[in-house]
>>> print(open('my_file_5.pdb').read())   # PDB, C-alpha atoms, pLDDT in the B column
ATOM      1  CA  MET A   1      77.936 -71.769  45.136  1.00 76.00           C
ATOM      2  CA  THR A   2      79.822 -72.448  41.907  1.00 96.00           C
ATOM      3  CA  THR A   3      78.063 -74.758  39.436  1.00 98.00           C
ATOM      4  CA  VAL A   4      80.146 -76.699  36.900  1.00 98.00           C
ATOM      5  CA  LEU A   5      78.758 -78.490  33.850  1.00 98.00           C
ATOM      6  CA  ILE A   6      80.995 -81.261  32.491  1.00 98.00           C
ATOM      7  CA  THR A   7      80.426 -83.164  29.251  1.00 98.00           C
ATOM      8  CA  GLY A   8      81.693 -86.715  28.898  1.00 96.00           C
ATOM      9  CA  ALA A   9      81.338 -86.979  32.669  1.00 97.00           C
ATOM     10  CA  SER A  10      80.774 -90.741  32.936  1.00 94.00           C
ATOM     11  CA  ALA A  11      84.416 -91.841  32.567  1.00 92.00           C
ATOM     12  CA  GLY A  12      88.051 -90.832  32.225  1.00 93.00           C
ATOM     13  CA  LEU A  13      88.933 -87.160  32.377  1.00 94.00           C
ATOM     14  CA  GLY A  14      85.265 -86.270  32.794  1.00 96.00           C
ATOM     15  CA  VAL A  15      85.076 -88.142  36.090  1.00 96.00           C
ATOM     16  CA  ALA A  16      88.433 -86.709  37.160  1.00 96.00           C
ATOM     17  CA  PHE A  17      87.181 -83.176  36.496  1.00 98.00           C
ATOM     18  CA  ALA A  18      84.002 -83.937  38.435  1.00 98.00           C
ATOM     19  CA  ARG A  19      86.049 -85.137  41.408  1.00 97.00           C
ATOM     20  CA  GLY A  20      88.391 -82.156  41.184  1.00 98.00           C
ATOM     21  CA  PHE A  21      85.587 -79.614  41.245  1.00 98.00           C
ATOM     22  CA  ALA A  22      83.590 -81.580  43.834  1.00 98.00           C
ATOM     23  CA  ALA A  23      86.605 -81.459  46.149  1.00 97.00           C
ATOM     24  CA  LYS A  24      86.436 -77.671  45.873  1.00 97.00           C
ATOM     25  CA  GLY A  25      82.811 -77.665  47.010  1.00 96.00           C
ATOM     26  CA  CYS A  26      81.197 -77.045  43.610  1.00 97.00           C
ATOM     27  CA  ASP A  27      77.772 -78.211  42.509  1.00 97.00           C
ATOM     28  CA  LEU A  28      77.866 -80.295  39.331  1.00 98.00           C
ATOM     29  CA  VAL A  29      75.837 -80.939  36.197  1.00 98.00           C
ATOM     30  CA  LEU A  30      77.053 -84.226  34.723  1.00 98.00           C
ATOM     31  CA  VAL A  31      76.434 -84.852  31.028  1.00 98.00           C
ATOM     32  CA  ALA A  32      76.957 -88.080  29.057  1.00 97.00           C
ATOM     33  CA  ARG A  33      74.908 -90.646  27.146  1.00 96.00           C
ATOM     34  CA  ASP A  34      74.978 -93.366  29.828  1.00 95.00           C
ATOM     35  CA  LYS A  35      72.483 -92.432  32.542  1.00 97.00           C
ATOM     36  CA  GLY A  36      73.412 -95.397  34.736  1.00 97.00           C
ATOM     37  CA  ARG A  37      77.110 -94.509  34.825  1.00 96.00           C
ATOM     38  CA  LEU A  38      76.318 -90.846  35.452  1.00 97.00           C
ATOM     39  CA  GLU A  39      74.164 -91.805  38.419  1.00 97.00           C
ATOM     40  CA  GLU A  40      76.979 -93.950  39.818  1.00 97.00           C
ATOM     41  CA  VAL A  41      79.400 -91.020  39.544  1.00 97.00           C
ATOM     42  CA  ALA A  42      76.872 -88.669  41.160  1.00 98.00           C
ATOM     43  CA  GLU A  43      76.257 -91.054  44.068  1.00 97.00           C
ATOM     44  CA  GLU A  44      79.990 -91.501  44.648  1.00 97.00           C
ATOM     45  CA  LEU A  45      80.623 -87.753  44.689  1.00 97.00           C
ATOM     46  CA  ALA A  46      77.679 -87.158  46.998  1.00 96.00           C
ATOM     47  CA  ARG A  47      79.009 -89.735  49.468  1.00 96.00           C
ATOM     48  CA  GLU A  48      82.617 -88.538  49.361  1.00 96.00           C
ATOM     49  CA  PHE A  49      82.217 -84.777  49.058  1.00 96.00           C
ATOM     50  CA  GLY A  50      78.567 -84.052  49.804  1.00 95.00           C
ATOM     51  CA  SER A  51      78.233 -82.730  46.263  1.00 93.00           C
ATOM     52  CA  VAL A  52      74.932 -81.703  44.727  1.00 96.00           C
ATOM     53  CA  CYS A  53      74.928 -83.355  41.292  1.00 97.00           C
ATOM     54  CA  GLN A  54      72.378 -83.013  38.527  1.00 98.00           C
ATOM     55  CA  VAL A  55      72.488 -85.918  36.083  1.00 98.00           C
ATOM     56  CA  LEU A  56      71.707 -84.803  32.539  1.00 98.00           C
ATOM     57  CA  PRO A  57      71.800 -87.765  30.121  1.00 98.00           C
ATOM     58  CA  ALA A  58      72.216 -86.558  26.549  1.00 98.00           C
ATOM     59  CA  ASP A  59      73.657 -87.698  23.245  1.00 98.00           C
ATOM     60  CA  LEU A  60      75.474 -84.576  22.092  1.00 98.00           C
ATOM     61  CA  LEU A  61      75.416 -85.784  18.488  1.00 98.00           C
ATOM     62  CA  ASP A  62      71.631 -85.751  18.599  1.00 98.00           C
ATOM     63  CA  ALA A  63      69.993 -82.364  17.960  1.00 98.00           C
ATOM     64  CA  ASP A  64      67.571 -82.731  20.850  1.00 98.00           C
ATOM     65  CA  GLY A  65      70.274 -83.853  23.261  1.00 98.00           C
ATOM     66  CA  LEU A  66      72.592 -81.021  22.307  1.00 98.00           C
ATOM     67  CA  GLY A  67      69.720 -78.561  22.530  1.00 98.00           C
ATOM     68  CA  ALA A  68      68.817 -79.723  26.034  1.00 98.00           C
ATOM     69  CA  VAL A  69      72.355 -79.179  27.304  1.00 98.00           C
ATOM     70  CA  ALA A  70      72.591 -75.787  25.601  1.00 98.00           C
ATOM     71  CA  GLU A  71      69.281 -74.818  27.200  1.00 98.00           C
ATOM     72  CA  ARG A  72      70.569 -75.838  30.633  1.00 98.00           C
ATOM     73  CA  LEU A  73      73.693 -73.716  30.135  1.00 98.00           C
ATOM     74  CA  ALA A  74      71.637 -70.683  29.136  1.00 98.00           C
ATOM     75  CA  ASP A  75      69.062 -70.968  31.971  1.00 98.00           C
ATOM     76  CA  PRO A  76      69.306 -67.719  33.988  1.00 96.00           C
ATOM     77  CA  ALA A  77      67.398 -69.259  36.889  1.00 97.00           C
ATOM     78  CA  ARG A  78      70.086 -71.934  37.343  1.00 97.00           C
ATOM     79  CA  PRO A  79      73.324 -70.292  36.266  1.00 98.00           C
ATOM     80  CA  VAL A  80      76.308 -72.403  35.255  1.00 98.00           C
ATOM     81  CA  ASP A  81      79.598 -70.786  36.246  1.00 98.00           C
ATOM     82  CA  ILE A  82      82.094 -73.166  34.611  1.00 98.00           C
ATOM     83  CA  LEU A  83      81.735 -75.244  31.457  1.00 98.00           C
ATOM     84  CA  VAL A  84      84.094 -78.156  30.794  1.00 98.00           C
ATOM     85  CA  ASN A  85      83.920 -79.298  27.161  1.00 98.00           C
ATOM     86  CA  ASN A  86      85.397 -82.773  27.536  1.00 96.00           C
ATOM     87  CA  ALA A  87      83.285 -85.170  25.440  1.00 96.00           C
ATOM     88  CA  GLY A  88      85.054 -86.758  22.499  1.00 92.00           C
ATOM     89  CA  PHE A  89      86.181 -89.895  20.697  1.00 90.00           C
ATOM     90  CA  GLY A  90      88.848 -90.948  18.212  1.00 86.00           C
ATOM     91  CA  LEU A  91      89.056 -93.267  15.212  1.00 88.00           C
ATOM     92  CA  PRO A  92      91.533 -96.143  14.843  1.00 82.00           C
ATOM     93  CA  VAL A  93      92.857 -95.507  11.322  1.00 84.00           C
ATOM     94  CA  PRO A  94      93.795 -92.455   9.217  1.00 85.00           C
ATOM     95  CA  PHE A  95      91.217 -90.313   7.435  1.00 88.00           C
ATOM     96  CA  PRO A  96      91.370 -91.921   3.951  1.00 89.00           C
ATOM     97  CA  TYR A  97      90.334 -95.316   5.372  1.00 91.00           C
ATOM     98  CA  ASN A  98      87.406 -94.280   7.602  1.00 91.00           C
ATOM     99  CA  PRO A  99      83.770 -93.993   6.527  1.00 94.00           C
ATOM    100  CA  VAL A 100      83.151 -90.293   5.968  1.00 96.00           C
ATOM    101  CA  GLU A 101      80.100 -90.521   8.253  1.00 97.00           C
ATOM    102  CA  ASP A 102      82.366 -91.507  11.163  1.00 96.00           C
ATOM    103  CA  GLU A 103      84.691 -88.605  10.364  1.00 96.00           C
ATOM    104  CA  GLU A 104      81.750 -86.194  10.326  1.00 97.00           C
ATOM    105  CA  ARG A 105      80.468 -87.478  13.680  1.00 97.00           C
ATOM    106  CA  MET A 106      83.909 -87.052  15.242  1.00 96.00           C
ATOM    107  CA  LEU A 107      84.270 -83.547  13.828  1.00 97.00           C
ATOM    108  CA  ASP A 108      80.815 -82.612  15.121  1.00 98.00           C
ATOM    109  CA  LEU A 109      81.620 -83.820  18.643  1.00 97.00           C
ATOM    110  CA  LEU A 110      85.083 -82.257  18.796  1.00 97.00           C
ATOM    111  CA  VAL A 111      84.266 -78.935  17.098  1.00 98.00           C
ATOM    112  CA  LYS A 112      80.564 -78.208  16.607  1.00 98.00           C
ATOM    113  CA  VAL A 113      79.453 -79.354  20.065  1.00 98.00           C
ATOM    114  CA  PRO A 114      81.924 -77.267  22.125  1.00 98.00           C
ATOM    115  CA  LEU A 115      81.255 -74.306  19.810  1.00 98.00           C
ATOM    116  CA  ARG A 116      77.495 -74.553  20.433  1.00 98.00           C
ATOM    117  CA  LEU A 117      77.756 -75.140  24.185  1.00 98.00           C
ATOM    118  CA  THR A 118      80.289 -72.383  24.700  1.00 98.00           C
ATOM    119  CA  HIS A 119      78.065 -69.976  22.789  1.00 98.00           C
ATOM    120  CA  ALA A 120      75.161 -70.938  25.060  1.00 98.00           C
ATOM    121  CA  VAL A 121      77.002 -70.321  28.339  1.00 98.00           C
ATOM    122  CA  LEU A 122      78.868 -67.121  27.442  1.00 98.00           C
ATOM    123  CA  PRO A 123      76.037 -64.552  27.715  1.00 98.00           C
ATOM    124  CA  GLY A 124      75.474 -65.463  31.362  1.00 98.00           C
ATOM    125  CA  LEU A 125      79.179 -65.508  32.190  1.00 98.00           C
ATOM    126  CA  ARG A 126      79.677 -62.172  30.483  1.00 98.00           C
ATOM    127  CA  ALA A 127      76.711 -60.593  32.283  1.00 97.00           C
ATOM    128  CA  ARG A 128      77.904 -61.839  35.677  1.00 97.00           C
ATOM    129  CA  ARG A 129      81.509 -60.918  34.773  1.00 97.00           C
ATOM    130  CA  ARG A 130      82.922 -64.158  36.122  1.00 97.00           C
ATOM    131  CA  GLY A 131      83.222 -67.838  35.341  1.00 98.00           C
ATOM    132  CA  ALA A 132      85.266 -70.031  33.033  1.00 98.00           C
ATOM    133  CA  VAL A 133      85.302 -72.342  30.022  1.00 98.00           C
ATOM    134  CA  LEU A 134      87.724 -75.286  29.931  1.00 98.00           C
ATOM    135  CA  ASN A 135      88.145 -76.990  26.567  1.00 98.00           C
ATOM    136  CA  VAL A 136      89.866 -80.370  26.564  1.00 97.00           C
ATOM    137  CA  SER A 137      92.241 -80.474  23.607  1.00 95.00           C
ATOM    138  CA  SER A 138      95.218 -82.810  23.068  1.00 92.00           C
ATOM    139  CA  VAL A 139      98.906 -82.778  22.249  1.00 88.00           C
ATOM    140  CA  ALA A 140      97.743 -84.469  19.037  1.00 84.00           C
ATOM    141  CA  GLY A 141      96.706 -80.981  17.965  1.00 84.00           C
ATOM    142  CA  LEU A 142     100.296 -79.753  18.070  1.00 85.00           C
ATOM    143  CA  LEU A 143     101.472 -81.896  15.143  1.00 81.00           C
ATOM    144  CA  PRO A 144     100.073 -83.331  11.887  1.00 75.00           C
ATOM    145  CA  THR A 145      98.157 -86.230  13.430  1.00 76.00           C
ATOM    146  CA  GLY A 146      95.153 -86.682  11.185  1.00 86.00           C
ATOM    147  CA  THR A 147      91.665 -85.282  11.493  1.00 93.00           C
ATOM    148  CA  TYR A 148      91.524 -85.883  15.251  1.00 91.00           C
ATOM    149  CA  GLY A 149      94.640 -83.758  15.663  1.00 90.00           C
ATOM    150  CA  ALA A 150      93.243 -81.138  13.290  1.00 94.00           C
ATOM    151  CA  ALA A 151      90.068 -80.866  15.369  1.00 96.00           C
ATOM    152  CA  LYS A 152      92.095 -80.585  18.568  1.00 95.00           C
ATOM    153  CA  ALA A 153      94.268 -77.887  16.980  1.00 94.00           C
ATOM    154  CA  TRP A 154      91.047 -76.005  16.303  1.00 97.00           C
ATOM    155  CA  ILE A 155      89.845 -76.266  19.909  1.00 97.00           C
ATOM    156  CA  THR A 156      93.179 -74.968  21.213  1.00 96.00           C
ATOM    157  CA  ALA A 157      93.160 -72.030  18.783  1.00 96.00           C
ATOM    158  CA  PHE A 158      89.489 -71.353  19.548  1.00 98.00           C
ATOM    159  CA  SER A 159      90.230 -71.313  23.282  1.00 98.00           C
ATOM    160  CA  GLU A 160      93.164 -68.935  22.977  1.00 97.00           C
ATOM    161  CA  SER A 161      91.163 -66.560  20.788  1.00 97.00           C
ATOM    162  CA  LEU A 162      88.096 -66.706  23.047  1.00 98.00           C
ATOM    163  CA  ARG A 163      90.284 -65.981  26.059  1.00 98.00           C
ATOM    164  CA  VAL A 164      91.256 -62.648  24.509  1.00 97.00           C
ATOM    165  CA  ASP A 165      87.607 -61.790  23.771  1.00 97.00           C
ATOM    166  CA  MET A 166      86.397 -62.668  27.268  1.00 98.00           C
ATOM    167  CA  GLU A 167      89.232 -61.211  29.329  1.00 97.00           C
ATOM    168  CA  PRO A 168      87.575 -57.765  29.638  1.00 97.00           C
ATOM    169  CA  TYR A 169      84.574 -59.471  31.267  1.00 98.00           C
ATOM    170  CA  GLY A 170      86.567 -61.449  33.829  1.00 97.00           C
ATOM    171  CA  VAL A 171      85.753 -64.776  32.141  1.00 98.00           C
ATOM    172  CA  ARG A 172      88.647 -67.235  32.014  1.00 98.00           C
ATOM    173  CA  VAL A 173      89.220 -69.659  29.127  1.00 98.00           C
ATOM    174  CA  LEU A 174      91.677 -72.545  29.317  1.00 98.00           C
ATOM    175  CA  ALA A 175      92.753 -75.112  26.735  1.00 97.00           C
ATOM    176  CA  VAL A 176      93.645 -78.355  28.524  1.00 97.00           C
ATOM    177  CA  VAL A 177      96.211 -80.191  26.368  1.00 94.00           C
ATOM    178  CA  PRO A 178      96.911 -83.686  27.744  1.00 90.00           C
ATOM    179  CA  GLY A 179      99.159 -86.343  26.297  1.00 71.00           C
ATOM    180  CA  PHE A 180      98.423 -90.082  26.530  1.00 67.00           C
ATOM    181  CA  THR A 181      96.183 -90.451  29.584  1.00 65.00           C
ATOM    182  CA  ARG A 182      94.990 -93.647  31.246  1.00 66.00           C
ATOM    183  CA  THR A 183      91.308 -93.590  30.325  1.00 63.00           C
ATOM    184  CA  GLU A 184      88.933 -95.663  28.183  1.00 60.00           C
ATOM    185  CA  PHE A 185      89.605 -93.423  25.177  1.00 58.00           C
ATOM    186  CA  GLN A 186      92.147 -95.633  23.400  1.00 55.00           C
ATOM    187  CA  GLU A 187      90.180 -98.833  23.928  1.00 58.00           C
ATOM    188  CA  ARG A 188      86.960 -97.281  22.664  1.00 67.00           C
ATOM    189  CA  ALA A 189      88.764 -95.969  19.596  1.00 50.00           C
ATOM    190  CA  GLY A 190      90.253 -99.401  18.874  1.00 57.00           C
ATOM    191  CA  MET A 191      93.805 -98.080  19.124  1.00 58.00           C
ATOM    192  CA  ASP A 192      96.747-100.408  19.726  1.00 54.00           C
ATOM    193  CA  VAL A 193      98.898 -98.661  22.346  1.00 55.00           C
ATOM    194  CA  SER A 194     100.708-101.761  23.588  1.00 55.00           C
ATOM    195  CA  ALA A 195     104.070-100.477  22.353  1.00 54.00           C
ATOM    196  CA  LEU A 196     103.914 -97.302  24.445  1.00 57.00           C
ATOM    197  CA  ARG A 197     106.177 -97.184  27.487  1.00 63.00           C
ATOM    198  CA  ASP A 198     104.751 -96.528  30.944  1.00 66.00           C
ATOM    199  CA  ALA A 199     106.697 -93.266  31.097  1.00 63.00           C
ATOM    200  CA  VAL A 200     104.501 -91.607  28.462  1.00 74.00           C
ATOM    201  CA  TRP A 201     101.238 -92.178  30.338  1.00 63.00           C
ATOM    202  CA  LEU A 202      99.520 -89.568  32.488  1.00 74.00           C
ATOM    203  CA  GLU A 203      96.960 -90.168  35.207  1.00 88.00           C
ATOM    204  CA  PRO A 204      93.619 -88.338  34.831  1.00 89.00           C
ATOM    205  CA  HIS A 205      93.802 -86.774  38.302  1.00 94.00           C
ATOM    206  CA  ASP A 206      97.227 -85.302  37.482  1.00 93.00           C
ATOM    207  CA  VAL A 207      95.895 -83.706  34.293  1.00 94.00           C
ATOM    208  CA  VAL A 208      92.967 -82.217  36.205  1.00 96.00           C
ATOM    209  CA  ALA A 209      95.101 -81.013  39.116  1.00 96.00           C
ATOM    210  CA  ARG A 210      97.387 -79.195  36.710  1.00 96.00           C
ATOM    211  CA  ALA A 211      94.439 -77.753  34.793  1.00 97.00           C
ATOM    212  CA  LEU A 212      92.828 -76.350  37.938  1.00 98.00           C
ATOM    213  CA  LYS A 213      96.128 -74.760  38.979  1.00 97.00           C
ATOM    214  CA  ASP A 214      96.581 -73.228  35.541  1.00 97.00           C
ATOM    215  CA  LEU A 215      92.980 -72.001  35.568  1.00 97.00           C
ATOM    216  CA  ALA A 216      93.590 -70.237  38.888  1.00 97.00           C
ATOM    217  CA  ARG A 217      96.759 -68.702  37.439  1.00 97.00           C
ATOM    218  CA  ARG A 218      94.800 -67.499  34.379  1.00 96.00           C
ATOM    219  CA  ARG A 219      97.082 -69.309  31.963  1.00 96.00           C
ATOM    220  CA  PRO A 220      95.857 -69.889  28.388  1.00 96.00           C
ATOM    221  CA  VAL A 221      97.039 -73.487  27.969  1.00 96.00           C
ATOM    222  CA  SER A 222      97.590 -76.334  30.440  1.00 95.00           C
ATOM    223  CA  ILE A 223     100.062 -79.117  29.607  1.00 93.00           C
ATOM    224  CA  THR A 224     100.847 -81.775  32.199  1.00 86.00           C
ATOM    225  CA  GLY A 225     104.342 -83.181  32.620  1.00 79.00           C
ATOM    226  CA  ARG A 226     107.801 -82.081  31.522  1.00 81.00           C
ATOM    227  CA  ARG A 227     107.842 -84.643  28.732  1.00 80.00           C
ATOM    228  CA  TYR A 228     104.787 -83.143  27.055  1.00 77.00           C
ATOM    229  CA  GLN A 229     105.824 -79.576  27.784  1.00 81.00           C
ATOM    230  CA  ALA A 230     109.081 -80.305  25.954  1.00 80.00           C
ATOM    231  CA  TYR A 231     107.086 -81.969  23.173  1.00 69.00           C
ATOM    232  CA  ALA A 232     104.988 -78.813  22.798  1.00 76.00           C
ATOM    233  CA  LEU A 233     108.076 -76.629  22.714  1.00 82.00           C
ATOM    234  CA  ALA A 234     109.684 -78.781  20.017  1.00 73.00           C
ATOM    235  CA  ALA A 235     106.474 -78.842  17.973  1.00 71.00           C
ATOM    236  CA  ARG A 236     106.466 -75.048  17.814  1.00 74.00           C
ATOM    237  CA  HIS A 237     110.051 -74.805  16.589  1.00 67.00           C
ATOM    238  CA  LEU A 238     110.728 -77.818  14.346  1.00 68.00           C
ATOM    239  CA  PRO A 239     110.206 -77.339  10.568  1.00 64.00           C
ATOM    240  CA  ARG A 240     106.689 -78.406   9.641  1.00 60.00           C
ATOM    241  CA  THR A 241     107.811 -80.493   6.642  1.00 62.00           C
ATOM    242  CA  PHE A 242     110.227 -82.450   8.856  1.00 54.00           C
ATOM    243  CA  VAL A 243     107.509 -83.044  11.443  1.00 52.00           C
ATOM    244  CA  ALA A 244     105.000 -84.122   8.805  1.00 57.00           C
ATOM    245  CA  ARG A 245     107.372 -86.749   7.426  1.00 58.00           C
ATOM    246  CA  LYS A 246     108.051 -88.121  10.912  1.00 52.00           C
ATOM    247  CA  MET A 247     104.363 -88.281  11.800  1.00 50.00           C
ATOM    248  CA  ALA A 248     103.487 -89.992   8.501  1.00 52.00           C
ATOM    249  CA  ARG A 249     105.475 -93.028   9.645  1.00 53.00           C
ATOM    250  CA  THR A 250     103.140 -93.493  12.611  1.00 54.00           C
ATOM    251  CA  ARG A 251      99.922 -93.439  10.555  1.00 54.00           C
ATOM    252  CA  ARG A 252      99.461 -96.702   8.729  1.00 59.00           C
ATOM    253  CA  PRO A 253      96.500 -97.873   6.652  1.00 61.00           C
ATOM    254  CA  PRO A 254      94.464-100.866   7.841  1.00 61.00           C
ATOM    255  CA  ALA A 255      96.010-104.258   7.202  1.00 57.00           C
ATOM    256  CA  ASP A 256      93.490-105.080   4.480  1.00 57.00           C
ATOM    257  CA  VAL A 257      94.316-101.960   2.433  1.00 53.00           C
ATOM    258  CA  GLY A 258      97.029-102.297  -0.162  1.00 47.00           C
TER     259      GLY A 258
END
>>> encode(input="my_file_5.pdb", output="structure tokens")
Amino acid sequence: MTTVLITGASAGLGVAFARGFAAKGCDLVLVARDKGRLEEVAEELAREFGSVCQVLPADLLDADGLGAVAERLADPARPVDILVNNAGFGLPVPFPYNPVEDEERMLDLLVKVPLRLTHAVLPGLRARRRGAVLNVSSVAGLLPTGTYGAAKAWITAFSESLRVDMEPYGVRVLAVVPGFTRTEFQERAGMDVSALRDAVWLEPHDVVARALKDLARRRPVSITGRRYQAYALAARHLPRTFVARKMARTRRPPADVG
């Protein structure tokens, strides 16, 4: 039986990944801070799919919480076959206007945490010569979109590099690169997305369905929708100075900053 550990599993893409893997008959380890919401997700998946779900409440920005999840991933008596690094958050304004402590917390969750958890799971995957790591990135990482985008660019590059290192061992690595997706992410970050048209939005289950197909096909990167695939293609070929000027227009300081 395949066991999948998913971070940020209490909402949004995390829940969609849990449902996607549960539908395939996988056992699940669900990680997030909110124990109550995790238990609700576990009960729902057990009813619908008969899934065996371990609930592992943990604050990944806390050393003890991160250590507990890393220990679970490295446990040879209960091997984890697939790791989904999904936990994350964004900030509502550009880097110069955020408290540096908030920036450090975001960078830790988007970079340090997946680095640590991936390092914990890899020895077992390599020894068994199978398994996978899915890292949830973002199309924000394709263009100059602040520190969030910079962190997501790192996770995509990390995934593509790790894929090369793990290929001889039969371990798959996939960077999942969604665009705007209907989750709680924007609301939690305090982002105003009211001006965005319906056409730009993706549904979480569509992102996950595409990711699972791309994982099976051993592709390095998964991008859902022709709009975002075209966006990625343009981002690779447009002059970086031109792109930077265009993106600067979308990043405004807070109203109370002159």
>>> resolve_selection(input="my_file_5.pdb", expression="the PyMOL selection byres ((chain A and resi 61) around 10)", output="list in words")
Arg33, Ala58, Asp59, Leu60, Asp62, Ala63, Asp64, Gly65, Leu66, Arg105, Met106, Asp108, Leu109, Lys112 and Val113 of chain A
>>> residues_around(input="my_file_5.pdb", residues="Ala74 (chain A)", least_positions_apart="6", cutoff="7 Å", atoms="all atoms listed in the file", output="ChimeraX atom specification")
/A:120-121,124
>>> atom_distance(input="my_file_5.pdb", atom1="CA of Leu142 (chain A)", atom2="CA of Ala175 (chain A)")
12.4 Å
>>> closest_residue(input="my_file_5.pdb", among="A:Tyr228, A:Phe95, A:Phe17, A:Phe49", to="Gly179 (chain A)", atoms="all atoms listed in the file")
A:Tyr228
>>> axis_aligned_box(input="my_file_5.pdb", around="region 222-225 of chain A", padding_each_side="4 Å", output="JSON")
{"center_x": 101.0, "center_y": -79.8, "center_z": 31.1, "size_x": 14.8, "size_y": 14.8, "size_z": 11.0}
>>> residues_near_point(input="my_file_5.pdb", point="(71.9, -75.2, 29.7)", cutoff="12 Å", atoms="all atoms listed in the file", output="mmCIF file with C-alpha atoms, in the coordinates of the input")
data_model
loop_
_atom_site.group_PDB
_atom_site.id
_atom_site.type_symbol
_atom_site.label_atom_id
_atom_site.label_comp_id
_atom_site.auth_asym_id
_atom_site.auth_seq_id
_atom_site.Cartn_x
_atom_site.Cartn_y
_atom_site.Cartn_z
ATOM 1 C CA THR A 3 78.063 -74.758 39.436
ATOM 2 C CA VAL A 4 80.146 -76.699 36.900
ATOM 3 C CA LEU A 5 78.758 -78.490 33.850
ATOM 4 C CA ILE A 6 80.995 -81.261 32.491
ATOM 5 C CA THR A 7 80.426 -83.164 29.251
ATOM 6 C CA VAL A 29 75.837 -80.939 36.197
ATOM 7 C CA LEU A 30 77.053 -84.226 34.723
ATOM 8 C CA VAL A 31 76.434 -84.852 31.028
ATOM 9 C CA GLN A 54 72.378 -83.013 38.527
ATOM 10 C CA LEU A 56 71.707 -84.803 32.539
ATOM 11 C CA ALA A 58 72.216 -86.558 26.549
ATOM 12 C CA GLY A 65 70.274 -83.853 23.261
ATOM 13 C CA LEU A 66 72.592 -81.021 22.307
ATOM 14 C CA GLY A 67 69.720 -78.561 22.530
ATOM 15 C CA ALA A 68 68.817 -79.723 26.034
ATOM 16 C CA VAL A 69 72.355 -79.179 27.304
ATOM 17 C CA ALA A 70 72.591 -75.787 25.601
ATOM 18 C CA GLU A 71 69.281 -74.818 27.200
ATOM 19 C CA ARG A 72 70.569 -75.838 30.633
ATOM 20 C CA LEU A 73 73.693 -73.716 30.135
ATOM 21 C CA ALA A 74 71.637 -70.683 29.136
ATOM 22 C CA ASP A 75 69.062 -70.968 31.971
ATOM 23 C CA PRO A 76 69.306 -67.719 33.988
ATOM 24 C CA ALA A 77 67.398 -69.259 36.889
ATOM 25 C CA ARG A 78 70.086 -71.934 37.343
ATOM 26 C CA PRO A 79 73.324 -70.292 36.266
ATOM 27 C CA VAL A 80 76.308 -72.403 35.255
ATOM 28 C CA ASP A 81 79.598 -70.786 36.246
ATOM 29 C CA ILE A 82 82.094 -73.166 34.611
ATOM 30 C CA LEU A 83 81.735 -75.244 31.457
ATOM 31 C CA ARG A 116 77.495 -74.553 20.433
ATOM 32 C CA LEU A 117 77.756 -75.140 24.185
ATOM 33 C CA THR A 118 80.289 -72.383 24.700
ATOM 34 C CA HIS A 119 78.065 -69.976 22.789
ATOM 35 C CA ALA A 120 75.161 -70.938 25.060
ATOM 36 C CA VAL A 121 77.002 -70.321 28.339
ATOM 37 C CA LEU A 122 78.868 -67.121 27.442
ATOM 38 C CA PRO A 123 76.037 -64.552 27.715
ATOM 39 C CA GLY A 124 75.474 -65.463 31.362
#
>>> resolve_selection(input="my_file_5.pdb", expression="the PyMOL selection byres ((chain A and resi 103) around 12)", output="list in words")
Phe89, Gly90, Leu91, Pro92, Val93, Pro94, Phe95, Pro96, Tyr97, Asn98, Pro99, Val100, Glu101, Asp102, Glu104, Arg105, Met106, Leu107, Asp108, Leu109, Leu110, Val111, Gly146, Thr147, Tyr148, Ala150 and Ala151 of chain A
>>> resolve_selection(input="my_file_5.pdb", expression="the PyMOL selection byres ((chain A and resi 127-139) around 8)", output="PyMOL selection string")
chain A and resi 81-86+114+118+123-126+140-143+149+152-153+155-156+159+169-179+228+232
>>> atom_distance(input="my_file_5.pdb", atom1="CA of Ser222 (chain A)", atom2="CA of Glu160 (chain A)")
11.4 Å
>>> atom_distance(input="my_file_5.pdb", atom1="CA of Thr2 (chain A)", atom2="CA of Asp27 (chain A)")
6.1 Å
>>> closest_residue(input="my_file_5.pdb", among="A:Met1, A:Trp154, A:Ala23, A:Ala11", to="Leu212 (chain A)", atoms="all atoms listed in the file")
A:Ala23
>>> closest_residue(input="my_file_5.pdb", among="A:Ala87, A:Ala16, A:Pro144, A:Ser51", to="Ala235 (chain A)", atoms="only C-alpha atoms")
A:Pro144
>>> closest_residue(input="my_file_5.pdb", among="A:Ala46, A:Cys53, A:Leu233, A:Cys26", to="Ala9 (chain A)", atoms="only C-alpha atoms")
A:Cys53
>>> closest_residue(input="my_file_5.pdb", among="A:Val15, A:Val200, A:Leu28, A:Leu215", to="Gly50 (chain A)", atoms="only C-alpha atoms")
A:Leu28
>>> closest_residue(input="my_file_5.pdb", among="A:Val164, A:Val207, A:Leu45, A:Ala234", to="Pro220 (chain A)", atoms="only C-alpha atoms")
A:Val164
>>> residues_around(input="my_file_5.pdb", residues="Ser10 (chain A)", least_positions_apart="5", cutoff="7 Å", atoms="only C-alpha atoms", output="VMD selection string")
chain A and resid 15 32 37 to 38 41
>>> write_last_selection(input="my_file_5.pdb", atoms="C-alpha atoms", output="compact mmCIF listing (two decimals), in the frame of the given file")
# COMPACT_ATOMS: atom_id res chain seq x y z
CA VAL A 15 85.08 -88.14 36.09
CA ALA A 32 76.96 -88.08 29.06
CA ARG A 37 77.11 -94.51 34.83
CA LEU A 38 76.32 -90.85 35.45
CA VAL A 41 79.40 -91.02 39.54
